[in-house]
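Visitor: So here's run-v7.pdb (PDB, C-alpha atoms).
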ATOM      1  CA  MET E   1     129.603 205.816 -57.376
ATOM      2  CA  ILE E   2     128.203 205.347 -53.850
ATOM      3  CA  HIS E   3     126.311 208.594 -54.301
ATOM      4  CA  ASP E   4     124.821 207.303 -57.533
ATOM      5  CA  ILE E   5     123.683 204.081 -55.830
ATOM      6  CA  LEU E   6     122.123 206.048 -52.997
ATOM      7  CA  ASN E   7     120.413 208.260 -55.555
ATOM      8  CA  GLN E   8     118.795 205.175 -57.042
ATOM      9  CA  LEU E   9     117.652 204.042 -53.581
ATOM     10  CA  ASP E  10     116.322 207.542 -52.996
ATOM     11  CA  LYS E  11     114.270 207.330 -56.183
ATOM     12  CA  LEU E  12     112.756 204.131 -54.813
ATOM     13  CA  GLY E  13     111.697 206.014 -51.685
ATOM     14  CA  MET E  14     114.134 204.168 -49.436
ATOM     15  CA  VAL E  15     115.833 207.276 -48.062
ATOM     16  CA  ASP E  16     114.326 209.753 -45.608
ATOM     17  CA  HIS E  17     114.796 213.406 -46.407
ATOM     18  CA  ALA E  18     116.006 216.121 -44.049
ATOM     19  CA  LYS E  19     116.398 219.829 -44.569
ATOM     20  CA  ALA E  20     119.775 221.325 -43.846
ATOM     21  CA  HIS E  21     118.919 224.615 -45.528
ATOM     22  CA  CYS E  22     115.730 226.307 -44.460
ATOM     23  CA  ASP E  23     115.661 229.262 -46.823
ATOM     24  CA  ILE E  24     117.568 230.890 -49.657
ATOM     25  CA  PRO E  25     117.767 234.517 -48.660
ATOM     26  CA  CYS E  26     119.240 236.580 -51.464
ATOM     27  CA  GLY E  27     119.895 239.408 -49.033
ATOM     28  CA  ILE E  28     118.310 241.963 -51.358
ATOM     29  CA  TYR E  29     115.757 243.947 -49.388
ATOM     30  CA  ASP E  30     114.548 247.451 -50.136
ATOM     31  CA  PRO E  31     111.299 249.167 -49.140
ATOM     32  CA  ALA E  32     111.328 251.257 -52.331
ATOM     33  CA  PRO E  33     108.903 248.995 -54.267
ATOM     34  CA  ALA E  34     106.435 249.176 -51.370
ATOM     35  CA  LEU E  35     106.661 252.960 -51.317
ATOM     36  CA  ILE E  36     106.171 253.264 -55.069
ATOM     37  CA  ALA E  37     103.151 250.980 -54.868
ATOM     38  CA  ALA E  38     101.670 253.009 -51.985
ATOM     39  CA  VAL E  39     102.117 256.264 -53.896
ATOM     40  CA  THR E  40     100.544 254.609 -56.924
ATOM     41  CA  VAL E  41      97.449 253.796 -54.881
ATOM     42  CA  VAL E  42      97.024 257.513 -54.137
ATOM     43  CA  ARG E  43      97.571 258.380 -57.782
ATOM     44  CA  LEU E  44      94.976 255.872 -58.974
ATOM     45  CA  MET E  45      92.395 257.238 -56.556
ATOM     46  CA  ASP E  46      93.115 260.742 -57.858
ATOM     47  CA  ILE E  47      92.715 259.619 -61.459
ATOM     48  CA  MET E  48      89.408 257.956 -60.614
ATOM     49  CA  ARG E  49      88.131 261.041 -58.830
ATOM     50  CA  ASP E  50      89.241 263.488 -61.513
ATOM     51  CA  ALA E  51      88.168 261.439 -64.494
ATOM     52  CA  LYS E  52      85.686 263.150 -66.810
ATOM     53  CA  SER E  53      84.222 261.899 -70.014
ATOM     54  CA  GLU E  54      81.093 262.468 -72.027
ATOM     55  CA  ASP E  55      81.175 258.804 -72.867
ATOM     56  CA  PRO E  56      79.836 256.867 -69.837
ATOM     57  CA  VAL E  57      81.202 253.626 -71.171
ATOM     58  CA  ALA E  58      84.690 255.089 -71.479
ATOM     59  CA  LEU E  59      84.399 256.464 -67.953
ATOM     60  CA  ALA E  60      83.260 253.118 -66.595
ATOM     61  CA  ASN E  61      86.132 251.468 -68.413
ATOM     62  CA  LEU E  62      88.656 253.872 -66.886
ATOM     63  CA  HIS E  63      87.234 253.375 -63.408
ATOM     64  CA  ALA E  64      87.316 249.621 -63.816
ATOM     65  CA  ARG E  65      90.937 249.684 -64.956
ATOM     66  CA  CYS E  66      91.972 251.991 -62.121
ATOM     67  CA  ALA E  67      90.139 249.914 -59.527
ATOM     68  CA  LEU E  68      91.882 246.793 -60.775
ATOM     69  CA  ARG E  69      95.300 248.424 -60.661
ATOM     70  CA  LYS E  70      94.584 249.933 -57.246
ATOM     71  CA  GLU E  71      93.762 246.474 -55.967
ATOM     72  CA  GLU E  72      97.028 245.117 -57.338
ATOM     73  CA  GLU E  73      99.183 247.971 -56.075
ATOM     74  CA  ALA E  74      97.708 247.859 -52.559
ATOM     75  CA  GLU E  75      98.349 244.123 -52.501
ATOM     76  CA  ARG E  76     101.894 244.760 -53.732
ATOM     77  CA  VAL E  77     102.456 247.065 -50.756
ATOM     78  CA  LYS E  78     101.367 244.322 -48.415
ATOM     79  CA  GLN E  79     103.457 241.673 -50.137
ATOM     80  CA  GLU E  80     106.659 243.746 -50.255
ATOM     81  CA  VAL E  81     106.340 244.723 -46.599
ATOM     82  CA  ARG E  82     105.519 241.163 -45.542
ATOM     83  CA  VAL E  83     108.662 239.833 -47.204
ATOM     84  CA  ILE E  84     110.937 242.364 -45.491
ATOM     85  CA  TRP E  85     109.201 241.838 -42.170
ATOM     86  CA  GLY E  86     109.270 238.055 -42.454
ATOM     87  CA  ASP E  87     112.659 237.482 -44.054
ATOM     88  CA  TYR E  88     114.799 240.460 -43.081
ATOM     89  CA  PHE E  89     113.635 241.307 -39.572
ATOM     90  CA  LYS E  90     114.670 238.448 -37.340
ATOM     91  CA  GLY E  91     116.690 237.580 -34.264
ATOM     92  CA  PRO E  92     118.446 240.556 -32.684
ATOM     93  CA  LEU E  93     116.791 242.996 -35.128
ATOM     94  CA  LEU E  94     113.376 242.069 -33.766
ATOM     95  CA  GLU E  95     114.611 242.478 -30.210
ATOM     96  CA  GLN E  96     115.939 245.929 -31.039
ATOM     97  CA  HIS E  97     112.841 246.998 -32.967
ATOM     98  CA  PRO E  98     109.794 245.225 -31.521
ATOM     99  CA  GLU E  99     107.633 248.094 -32.776
ATOM    100  CA  VAL E 100     107.939 246.687 -36.294
ATOM    101  CA  HIS E 101     105.156 244.162 -35.601
ATOM    102  CA  ALA E 102     102.504 246.784 -34.848
ATOM    103  CA  LEU E 103     103.711 248.926 -37.736
ATOM    104  CA  VAL E 104     103.489 246.063 -40.225
ATOM    105  CA  HIS E 105     100.073 245.114 -38.933
ATOM    106  CA  SER E 106      98.910 248.693 -39.446
ATOM    107  CA  ILE E 107     100.204 248.572 -43.024
ATOM    108  CA  MET E 108      98.301 245.333 -43.631
ATOM    109  CA  MET E 109      95.087 246.879 -42.316
ATOM    110  CA  LYS E 110      95.492 250.126 -44.205
ATOM    111  CA  GLY E 111      96.440 248.297 -47.388
ATOM    112  CA  SER E 112      93.206 246.330 -47.162
ATOM    113  CA  ALA E 113      91.237 249.518 -46.554
ATOM    114  CA  CYS E 114      92.717 250.969 -49.753
ATOM    115  CA  LYS E 115      91.633 247.881 -51.670
ATOM    116  CA  GLN E 116      88.104 248.031 -50.315
ATOM    117  CA  ASP E 117      87.359 251.702 -50.912
ATOM    118  CA  VAL E 118      88.553 254.925 -52.529
ATOM    119  CA  HIS E 119      89.207 257.093 -49.485
ATOM    120  CA  ARG E 120      92.221 259.238 -50.253
ATOM    121  CA  ASP E 121      92.930 259.670 -46.551
ATOM    122  CA  ASP E 122      93.442 255.920 -46.263
ATOM    123  CA  ALA E 123      95.903 255.965 -49.154
ATOM    124  CA  LEU E 124      97.793 258.917 -47.669
ATOM    125  CA  ALA E 125      97.951 257.093 -44.349
ATOM    126  CA  LEU E 126      99.267 254.022 -46.156
ATOM    127  CA  VAL E 127     102.082 256.070 -47.693
ATOM    128  CA  GLU E 128     102.950 257.499 -44.301
ATOM    129  CA  LEU E 129     103.000 254.068 -42.666
ATOM    130  CA  VAL E 130     105.272 252.702 -45.374
ATOM    131  CA  ASN E 131     107.457 255.787 -44.933
ATOM    132  CA  GLN E 132     107.822 254.887 -41.273
ATOM    133  CA  PHE E 133     108.609 251.316 -42.237
ATOM    134  CA  ALA E 134     111.261 252.526 -44.706
ATOM    135  CA  GLU E 135     112.817 254.785 -42.066
ATOM    136  CA  LEU E 136     112.990 251.879 -39.649
ATOM    137  CA  PHE E 137     114.438 249.580 -42.297
ATOM    138  CA  TRP E 138     117.244 251.969 -43.246
ATOM    139  CA  LYS E 139     117.913 252.670 -39.579
ATOM    140  CA  THR E 140     118.672 248.980 -39.044
ATOM    141  CA  LYS E 141     121.336 249.330 -41.711
ATOM    142  CA  SER E 142     122.723 252.527 -40.161
ATOM    143  CA  ILE E 143     121.820 254.373 -43.351
ATOM    144  CA  GLY E 144     120.346 257.835 -42.984
ATOM    145  CA  THR E 145     117.180 258.929 -44.739
ATOM    146  CA  LYS E 146     115.591 262.087 -46.042
ATOM    147  CA  ARG E 147     112.014 263.050 -46.844
ATOM    148  CA  ALA E 148     111.520 264.509 -50.289
ATOM    149  CA  LYS E 149     108.606 264.959 -52.640
ATOM    150  CA  CYS E 150     108.520 262.246 -55.239
ATOM    151  CA  PRO E 151     109.140 263.856 -58.646
ATOM    152  CA  TYR E 152     105.871 262.663 -60.153
ATOM    153  CA  PRO E 153     102.191 262.972 -59.257
ATOM    154  CA  PRO E 154     100.901 262.931 -56.568
ATOM    155  CA  ASN E 155     104.155 264.587 -55.386
ATOM    156  CA  LEU E 156     103.984 263.206 -51.877
ATOM    157  CA  ASP E 157     106.757 263.167 -49.322
ATOM    158  CA  VAL E 158     108.505 259.828 -49.354
ATOM    159  CA  ILE E 159     111.562 258.412 -47.648
ATOM    160  CA  TYR E 160     114.805 258.101 -49.615
ATOM    161  CA  PRO E 161     118.005 256.570 -48.257
ATOM    162  CA  VAL E 162     120.983 258.904 -48.132
ATOM    163  CA  LEU E 163     123.711 256.757 -49.647
TER     164      LEU E 163
ATOM    165  CA  MET Z 164     124.517 223.467 -43.774
ATOM    166  CA  GLU Z 165     126.674 224.577 -46.706
ATOM    167  CA  PRO Z 166     129.608 224.262 -46.866
ATOM    168  CA  THR Z 167     129.496 221.446 -44.280
ATOM    169  CA  LEU Z 168     126.852 219.493 -46.127
ATOM    170  CA  PRO Z 169     126.199 220.379 -49.776
ATOM    171  CA  ASP Z 170     122.680 220.114 -51.091
ATOM    172  CA  ARG Z 171     121.617 216.587 -52.164
ATOM    173  CA  SER Z 172     124.223 214.917 -49.951
ATOM    174  CA  PHE Z 173     123.454 211.716 -48.095
ATOM    175  CA  ALA Z 174     124.003 211.612 -44.354
ATOM    176  CA  VAL Z 175     124.011 208.662 -41.978
ATOM    177  CA  PHE Z 176     123.134 209.257 -38.336
ATOM    178  CA  ARG Z 177     123.818 207.165 -35.267
ATOM    179  CA  ALA Z 178     121.109 207.111 -32.592
ATOM    180  CA  THR Z 179     122.698 208.231 -29.344
ATOM    181  CA  LYS Z 180     121.972 210.274 -26.273
ATOM    182  CA  ASN Z 181     125.638 211.117 -25.848
ATOM    183  CA  LEU Z 182     125.570 214.538 -27.488
ATOM    184  CA  ARG Z 183     128.090 217.340 -27.278
ATOM    185  CA  VAL Z 184     128.403 220.907 -28.460
ATOM    186  CA  GLY Z 185     129.564 220.922 -32.060
ATOM    187  CA  ASP Z 186     127.873 217.638 -32.967
ATOM    188  CA  ILE Z 187     125.848 217.705 -36.159
ATOM    189  CA  VAL Z 188     122.491 216.149 -35.438
ATOM    190  CA  LEU Z 189     119.238 215.125 -37.055
ATOM    191  CA  ALA Z 190     116.290 216.677 -35.239
ATOM    192  CA  LYS Z 191     112.520 216.638 -35.537
ATOM    193  CA  HIS Z 192     111.430 220.255 -35.283
ATOM    194  CA  PRO Z 193     107.754 221.193 -34.855
ATOM    195  CA  LYS Z 194     108.059 224.090 -37.314
ATOM    196  CA  TYR Z 195     110.903 223.164 -39.664
ATOM    197  CA  GLY Z 196     110.340 219.417 -39.848
ATOM    198  CA  THR Z 197     113.308 217.073 -40.067
ATOM    199  CA  ILE Z 198     116.414 219.223 -39.989
ATOM    200  CA  ILE Z 199     120.171 218.830 -39.819
ATOM    201  CA  LYS Z 200     121.902 221.353 -37.591
ATOM    202  CA  ALA Z 201     124.876 221.661 -35.275
ATOM    203  CA  ILE Z 202     124.525 221.818 -31.494
ATOM    204  CA  SER Z 203     125.618 225.287 -30.457
ATOM    205  CA  LYS Z 204     125.120 224.910 -26.718
ATOM    206  CA  ARG Z 205     123.307 223.043 -24.002
ATOM    207  CA  ALA Z 206     120.132 224.529 -22.614
ATOM    208  CA  PRO Z 207     118.361 223.689 -19.342
ATOM    209  CA  ASP Z 208     115.680 221.782 -21.220
ATOM    210  CA  GLY Z 209     117.598 220.528 -24.227
ATOM    211  CA  PHE Z 210     119.930 221.923 -26.847
ATOM    212  CA  ARG Z 211     120.292 225.007 -28.996
ATOM    213  CA  LEU Z 212     120.975 224.346 -32.669
ATOM    214  CA  ARG Z 213     122.475 226.429 -35.426
ATOM    215  CA  GLY Z 214     123.284 226.053 -39.088
ATOM    216  CA  THR Z 215     126.755 226.479 -40.474
ATOM    217  CA  SER Z 216     125.502 228.409 -43.484
ATOM    218  CA  GLN Z 217     124.861 232.136 -43.630
ATOM    219  CA  SER Z 218     121.503 231.276 -45.137
ATOM    220  CA  SER Z 219     120.393 229.135 -42.221
ATOM    221  CA  VAL Z 220     117.566 230.145 -39.961
ATOM    222  CA  THR Z 221     118.956 231.562 -36.745
ATOM    223  CA  GLU Z 222     119.445 229.820 -33.436
ATOM    224  CA  GLU Z 223     116.698 232.034 -32.007
ATOM    225  CA  GLU Z 224     114.263 230.968 -34.721
ATOM    226  CA  ILE Z 225     114.979 227.290 -34.123
ATOM    227  CA  GLY Z 226     114.642 227.693 -30.364
ATOM    228  CA  THR Z 227     115.472 225.005 -27.843
ATOM    229  CA  VAL Z 228     115.196 221.399 -29.000
ATOM    230  CA  SER Z 229     114.690 218.664 -26.414
ATOM    231  CA  ALA Z 230     116.899 215.567 -26.308
ATOM    232  CA  ASN Z 231     113.896 213.490 -27.386
ATOM    233  CA  GLN Z 232     113.594 215.508 -30.581
ATOM    234  CA  ILE Z 233     117.154 214.658 -31.602
ATOM    235  CA  GLU Z 234     117.213 211.454 -33.613
ATOM    236  CA  GLY Z 235     120.937 210.997 -33.815
ATOM    237  CA  ARG Z 236     124.438 212.298 -34.372
ATOM    238  CA  LEU Z 237     126.034 212.476 -37.779
ATOM    239  CA  ALA Z 238     128.192 209.413 -38.416
ATOM    240  CA  PHE Z 239     129.335 210.086 -41.962
ATOM    241  CA  THR Z 240     128.249 211.694 -45.190
ATOM    242  CA  ILE Z 241     128.382 210.970 -48.860
ATOM    243  CA  ARG Z 242     128.649 214.420 -50.286
ATOM    244  CA  ALA Z 243     126.859 215.421 -53.437
ATOM    245  CA  LYS Z 244     129.015 216.039 -56.468
ATOM    246  CA  SER Z 245     129.743 219.664 -57.082
ATOM    247  CA  ALA Z 246     129.091 221.185 -60.499
ATOM    248  CA  GLY Z 247     132.784 220.825 -61.300
ATOM    249  CA  GLN Z 248     132.687 217.105 -60.590
ATOM    250  CA  LEU Z 249     129.723 216.352 -62.802
TER     251      LEU Z 249
END
Take the structure from the file and write it as structure tokens.

Guide:
Amino acid sequence: MIHDILNQLDKLGMVDHAKAHCDIPCGIYDPAPALIAAVTVVRLMDIMRDAKSEDPVALANLHARCALRKEEEAERVKQEVRVIWGDYFKGPLLEQHPEVHALVHSIMMKGSACKQDVHRDDALALVELVNQFAELFWKTKSIGTKRAKCPYPPNLDVIYPVL
Amino acid sequence: MEPTLPDRSFAVFRATKNLRVGDIVLAKHPKYGTIIKAISKRAPDGFRLRGTSQSSVTEEEIGTVSANQIEGRLAFTIRAKSAGQL
């Protein structure tokens, strides 16, 4: 009953609000989506480069679609990595792995480069940076990793946790 | 502050400078705004705060809070009804 009365006062703006909970971490973190997105960026560049068509409109359409998806996937890499860096790495983990800041910054820069242009070397470098990030992530959980070629084009080496 | 203070609870604070470790306090934080946390320890220039929930930001993230930033100590609460009580 008292709670109900206070609720009414709250609705009238007579109660100040304070936050006792600053976040709702679900605890589910995995660099796999970032890696898949990075590999996808390489794949999209390959499709754009290899595309052939006698119909220039169809070719332009394919390039436009690939460029759009490349933009989205490169942004996805950045977003997935930012969330792990911002929400998972904190406190003692940051003290133990201060190198994560420079690594994440490199991923942000390389992700932007992949959005801006179609240099395959940039996309390969992005995959490698995210691989390093994935290795570091699994290391913090004391879970080993292995490098294996992803079983789909562009068949690049990516990091998998050994569970 | 779950389970100490369920979401949507009301809390009444008493303004005081007599603060001790373990007290639940209302603080004005430059980054997190008005927050409710427990004093974990005294620091040379104030207090360290922590949440009682696993989901709370860490003591390191909150940093040291000066005595002037602490508005008061928890006097009593009117806890929100749980789903089972509704």

Visitor: Work out how far CA of Tyr88 in chain E is from CA of Thr197 in chain Z, in Å to one decimal.

Guide: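 For CA of Thr197 in chain Z relative to CA of Tyr88 in chain E, the distance reads 23.6 Å.
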
Visitor: Which centre and edge lengths in Å to one decimal define the box along x, y and z that fits every listed atom of range 172-187 of chain Z plus 6 Å per side, as JSON?

Guide:
{"center_x": 125.3, "center_y": 214.0, "center_z": -37.9, "size_x": 20.5, "size_y": 25.8, "size_z": 36.1}

Visitor: Expanded to explicit residues, what is the PyMOL selection byres ((chain E and resi 48-54) around 12) for this file, as a PDB file with C-alpha atoms, in the coordinates of the input?

Guide:
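The resulting file, selection_36.pdb, is shown below:
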ATOM      1  CA  VAL E  41      97.449 253.796 -54.881  1.00  0.00           C
ATOM      2  CA  VAL E  42      97.024 257.513 -54.137  1.00  0.00           C
ATOM      3  CA  ARG E  43      97.571 258.380 -57.782  1.00  0.00           C
ATOM      4  CA  LEU E  44      94.976 255.872 -58.974  1.00  0.00           C
ATOM      5  CA  MET E  45      92.395 257.238 -56.556  1.00  0.00           C
ATOM      6  CA  ASP E  46      93.115 260.742 -57.858  1.00  0.00           C
ATOM      7  CA  ILE E  47      92.715 259.619 -61.459  1.00  0.00           C
ATOM      8  CA  ASP E  55      81.175 258.804 -72.867  1.00  0.00           C
ATOM      9  CA  PRO E  56      79.836 256.867 -69.837  1.00  0.00           C
ATOM     10  CA  VAL E  57      81.202 253.626 -71.171  1.00  0.00           C
ATOM     11  CA  ALA E  58      84.690 255.089 -71.479  1.00  0.00           C
ATOM     12  CA  LEU E  59      84.399 256.464 -67.953  1.00  0.00           C
ATOM     13  CA  ALA E  60      83.260 253.118 -66.595  1.00  0.00           C
ATOM     14  CA  ASN E  61      86.132 251.468 -68.413  1.00  0.00           C
ATOM     15  CA  LEU E  62      88.656 253.872 -66.886  1.00  0.00           C
ATOM     16  CA  HIS E  63      87.234 253.375 -63.408  1.00  0.00           C
ATOM     17  CA  ALA E  64      87.316 249.621 -63.816  1.00  0.00           C
ATOM     18  CA  ARG E  65      90.937 249.684 -64.956  1.00  0.00           C
ATOM     19  CA  CYS E  66      91.972 251.991 -62.121  1.00  0.00           C
ATOM     20  CA  ALA E  67      90.139 249.914 -59.527  1.00  0.00           C
ATOM     21  CA  LEU E  68      91.882 246.793 -60.775  1.00  0.00           C
ATOM     22  CA  ARG E  69      95.300 248.424 -60.661  1.00  0.00           C
ATOM     23  CA  LYS E  70      94.584 249.933 -57.246  1.00  0.00           C
ATOM     24  CA  ASP E 117      87.359 251.702 -50.912  1.00  0.00           C
ATOM     25  CA  VAL E 118      88.553 254.925 -52.529  1.00  0.00           C
ATOM     26  CA  HIS E 119      89.207 257.093 -49.485  1.00  0.00           C
ATOM     27  CA  ARG E 120      92.221 259.238 -50.253  1.00  0.00           C
TER      28      ARG E 120
END

Visitor: Using the chain letters and residue numbers of this document, give as a PyMOL selection string the residues selected by the PyMOL selection byres ((chain Z and resi 187-193) around 8).

Guide: (chain E and resi 18) or (chain Z and resi 176+185-186+194-202+225+228+232-237)

Visitor: Which distance in Å separates CA of Thr227 in chain Z and CA of Arg213 in chain Z, to one decimal?

Guide: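 Taking CA of Thr227 in chain Z and CA of Arg213 in chain Z, their separation equals 10.4 Å.
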
Visitor: Please return, as a PyMOL selection string, all polymer residues that have at least one atom within 12 Å of the point (103.9, 254.3, -54.5); use only C-alpha atoms and the file's own coordinate frame.

Guide: chain E and resi 31-44+70+72-78+80+111+123-124+126-131+149-159

Visitor: Could you state which residues are captured by the PyMOL selection byres ((chain Z and resi 205) around 10) in this file, as a PyMOL selection string?

Guide: chain Z and resi 182-184+202-204+206-212+227-229

Visitor: Measuring between only C-alpha atoms, which one of Z:Ser219, Z:Asn231, Z:Thr240, Z:Thr179 shows the shortest distance to chain E?

Guide: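 Smallest separation from chain E among the options: Z:Ser219.
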
Visitor: Provide the CA of Gln132 in chain E to CA of Val100 in chain E distance in Å, to one decimal place.

Guide: 9.6 Å

Visitor: Measuring atom to atom with only C-alpha atoms, identify which of Z:Glu222, Z:Ala238, Z:Gly214, Z:Ala230 is nearest to Ala174 in chain Z.

Guide: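 Once distances to Ala174 in chain Z are computed over only C-alpha atoms, the minimum belongs to Z:Ala238.
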
Visitor: Would you pick out the contacts of Glu135 in chain E at 9 Å or less, using only C-alpha atoms, so that residues sharing its chain but fewer than 2 positions from it are not included, and give the list as a PyMOL selection string?

Guide: chain E and resi 130-133+137-140+144-146+159-161

Visitor: Find the residues around Glu224 in chain Z up to 8 Å (all atoms listed in the file counted), leave out those fewer than 2 positions away in its own chain, and share them as a PDB file with C-alpha atoms, in the coordinates of the input.

Guide:
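The file below, result-v5.pdb, is the result:
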ATOM      1  CA  LYS E  90     114.670 238.448 -37.340  1.00  0.00           C
ATOM      2  CA  GLY E  91     116.690 237.580 -34.264  1.00  0.00           C
TER       3      GLY E  91
ATOM      4  CA  VAL Z 220     117.566 230.145 -39.961  1.00  0.00           C
ATOM      5  CA  THR Z 221     118.956 231.562 -36.745  1.00  0.00           C
ATOM      6  CA  GLU Z 222     119.445 229.820 -33.436  1.00  0.00           C
ATOM      7  CA  GLY Z 226     114.642 227.693 -30.364  1.00  0.00           C
TER       8      GLY Z 226
END

Visitor: Counting all atoms listed in the file, figure out which residue out of Z:Lys180, Z:Thr215, Z:Arg171, Z:Glu223 gets nearest to Asp4 in chain E.

Guide: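 Going through Z:Lys180, Z:Thr215, Z:Arg171, Z:Glu223 one by one, the smallest distance to Asp4 in chain E is for Z:Arg171.
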
Visitor: Find the residue from E:Asp87, E:Leu12, E:Tyr29, E:Val81 that sits nearest to chain Z; use all atoms listed in the file when measuring.

Guide: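 That would be E:Asp87, the residue with the smallest distance to chain Z.
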
Visitor: May I have the residues within 9 Å of Ala243 in chain Z as number ranges by chain, using only C-alpha atoms and disregarding those fewer than 4 positions away in the same chain?

Guide: E: 3; Z: 168-173

Visitor: Can you patch up range 42-64 of chain E, filling it in to N, CA and C atoms, and show the result as a PDB file, in the frame of the given file?

Guide:
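And here is the file that came out, rebuild.pdb:
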ATOM      1  N   VAL E  42      97.549 256.141 -54.236  1.00  0.00           N
ATOM      2  CA  VAL E  42      97.024 257.513 -54.137  1.00  0.00           C
ATOM      3  C   VAL E  42      96.745 258.059 -55.539  1.00  0.00           C
ATOM      4  N   ARG E  43      97.698 257.863 -56.419  1.00  0.00           N
ATOM      5  CA  ARG E  43      97.571 258.380 -57.782  1.00  0.00           C
ATOM      6  C   ARG E  43      96.342 257.794 -58.495  1.00  0.00           C
ATOM      7  N   LEU E  44      96.117 256.516 -58.320  1.00  0.00           N
ATOM      8  CA  LEU E  44      94.976 255.872 -58.974  1.00  0.00           C
ATOM      9  C   LEU E  44      93.656 256.406 -58.430  1.00  0.00           C
ATOM     10  N   MET E  45      93.619 256.643 -57.121  1.00  0.00           N
ATOM     11  CA  MET E  45      92.395 257.238 -56.556  1.00  0.00           C
ATOM     12  C   MET E  45      92.164 258.634 -57.131  1.00  0.00           C
ATOM     13  N   ASP E  46      93.245 259.392 -57.289  1.00  0.00           N
ATOM     14  CA  ASP E  46      93.115 260.742 -57.858  1.00  0.00           C
ATOM     15  C   ASP E  46      92.599 260.677 -59.295  1.00  0.00           C
ATOM     16  N   ILE E  47      93.149 259.753 -60.058  1.00  0.00           N
ATOM     17  CA  ILE E  47      92.715 259.619 -61.459  1.00  0.00           C
ATOM     18  C   ILE E  47      91.233 259.257 -61.513  1.00  0.00           C
ATOM     19  N   MET E  48      90.822 258.365 -60.634  1.00  0.00           N
ATOM     20  CA  MET E  48      89.408 257.956 -60.614  1.00  0.00           C
ATOM     21  C   MET E  48      88.513 259.136 -60.256  1.00  0.00           C
ATOM     22  N   ARG E  49      88.960 259.917 -59.293  1.00  0.00           N
ATOM     23  CA  ARG E  49      88.131 261.041 -58.830  1.00  0.00           C
ATOM     24  C   ARG E  49      88.076 262.153 -59.873  1.00  0.00           C
ATOM     25  N   ASP E  50      89.173 262.377 -60.566  1.00  0.00           N
ATOM     26  CA  ASP E  50      89.241 263.488 -61.513  1.00  0.00           C
ATOM     27  C   ASP E  50      88.745 263.121 -62.913  1.00  0.00           C
ATOM     28  N   ALA E  51      88.519 261.877 -63.133  1.00  0.00           N
ATOM     29  CA  ALA E  51      88.168 261.439 -64.494  1.00  0.00           C
ATOM     30  C   ALA E  51      86.860 262.070 -64.967  1.00  0.00           C
ATOM     31  N   LYS E  52      86.895 262.576 -66.192  1.00  0.00           N
ATOM     32  CA  LYS E  52      85.686 263.150 -66.810  1.00  0.00           C
ATOM     33  C   LYS E  52      85.617 262.634 -68.244  1.00  0.00           C
ATOM     34  N   SER E  53      84.426 262.324 -68.634  1.00  0.00           N
ATOM     35  CA  SER E  53      84.222 261.899 -70.014  1.00  0.00           C
ATOM     36  C   SER E  53      82.746 262.014 -70.355  1.00  0.00           C
ATOM     37  N   GLU E  54      82.487 262.413 -71.582  1.00  0.00           N
ATOM     38  CA  GLU E  54      81.093 262.468 -72.027  1.00  0.00           C
ATOM     39  C   GLU E  54      80.601 261.074 -72.393  1.00  0.00           C
ATOM     40  N   ASP E  55      81.530 260.181 -72.519  1.00  0.00           N
ATOM     41  CA  ASP E  55      81.175 258.804 -72.867  1.00  0.00           C
ATOM     42  C   ASP E  55      81.122 257.971 -71.578  1.00  0.00           C
ATOM     43  N   PRO E  56      79.937 257.609 -71.103  1.00  0.00           N
ATOM     44  CA  PRO E  56      79.836 256.867 -69.837  1.00  0.00           C
ATOM     45  C   PRO E  56      80.513 255.507 -69.889  1.00  0.00           C
ATOM     46  N   VAL E  57      80.544 254.932 -71.058  1.00  0.00           N
ATOM     47  CA  VAL E  57      81.202 253.626 -71.171  1.00  0.00           C
ATOM     48  C   VAL E  57      82.712 253.784 -70.997  1.00  0.00           C
ATOM     49  N   ALA E  58      83.252 254.832 -71.625  1.00  0.00           N
ATOM     50  CA  ALA E  58      84.690 255.089 -71.479  1.00  0.00           C
ATOM     51  C   ALA E  58      85.031 255.391 -70.019  1.00  0.00           C
ATOM     52  N   LEU E  59      84.153 256.127 -69.359  1.00  0.00           N
ATOM     53  CA  LEU E  59      84.399 256.464 -67.953  1.00  0.00           C
ATOM     54  C   LEU E  59      84.353 255.206 -67.080  1.00  0.00           C
ATOM     55  N   ALA E  60      83.367 254.381 -67.350  1.00  0.00           N
ATOM     56  CA  ALA E  60      83.260 253.118 -66.595  1.00  0.00           C
ATOM     57  C   ALA E  60      84.490 252.247 -66.836  1.00  0.00           C
ATOM     58  N   ASN E  61      84.941 252.257 -68.077  1.00  0.00           N
ATOM     59  CA  ASN E  61      86.132 251.468 -68.413  1.00  0.00           C
ATOM     60  C   ASN E  61      87.358 251.963 -67.649  1.00  0.00           C
ATOM     61  N   LEU E  62      87.509 253.293 -67.601  1.00  0.00           N
ATOM     62  CA  LEU E  62      88.656 253.872 -66.886  1.00  0.00           C
ATOM     63  C   LEU E  62      88.575 253.542 -65.399  1.00  0.00           C
ATOM     64  N   HIS E  63      87.397 253.681 -64.833  1.00  0.00           N
ATOM     65  CA  HIS E  63      87.234 253.375 -63.408  1.00  0.00           C
ATOM     66  C   HIS E  63      87.534 251.898 -63.126  1.00  0.00           C
ATOM     67  N   ALA E  64      87.078 251.060 -64.012  1.00  0.00           N
ATOM     68  CA  ALA E  64      87.316 249.621 -63.816  1.00  0.00           C
ATOM     69  C   ALA E  64      88.810 249.317 -63.861  1.00  0.00           C
TER      70      ALA E  64
END
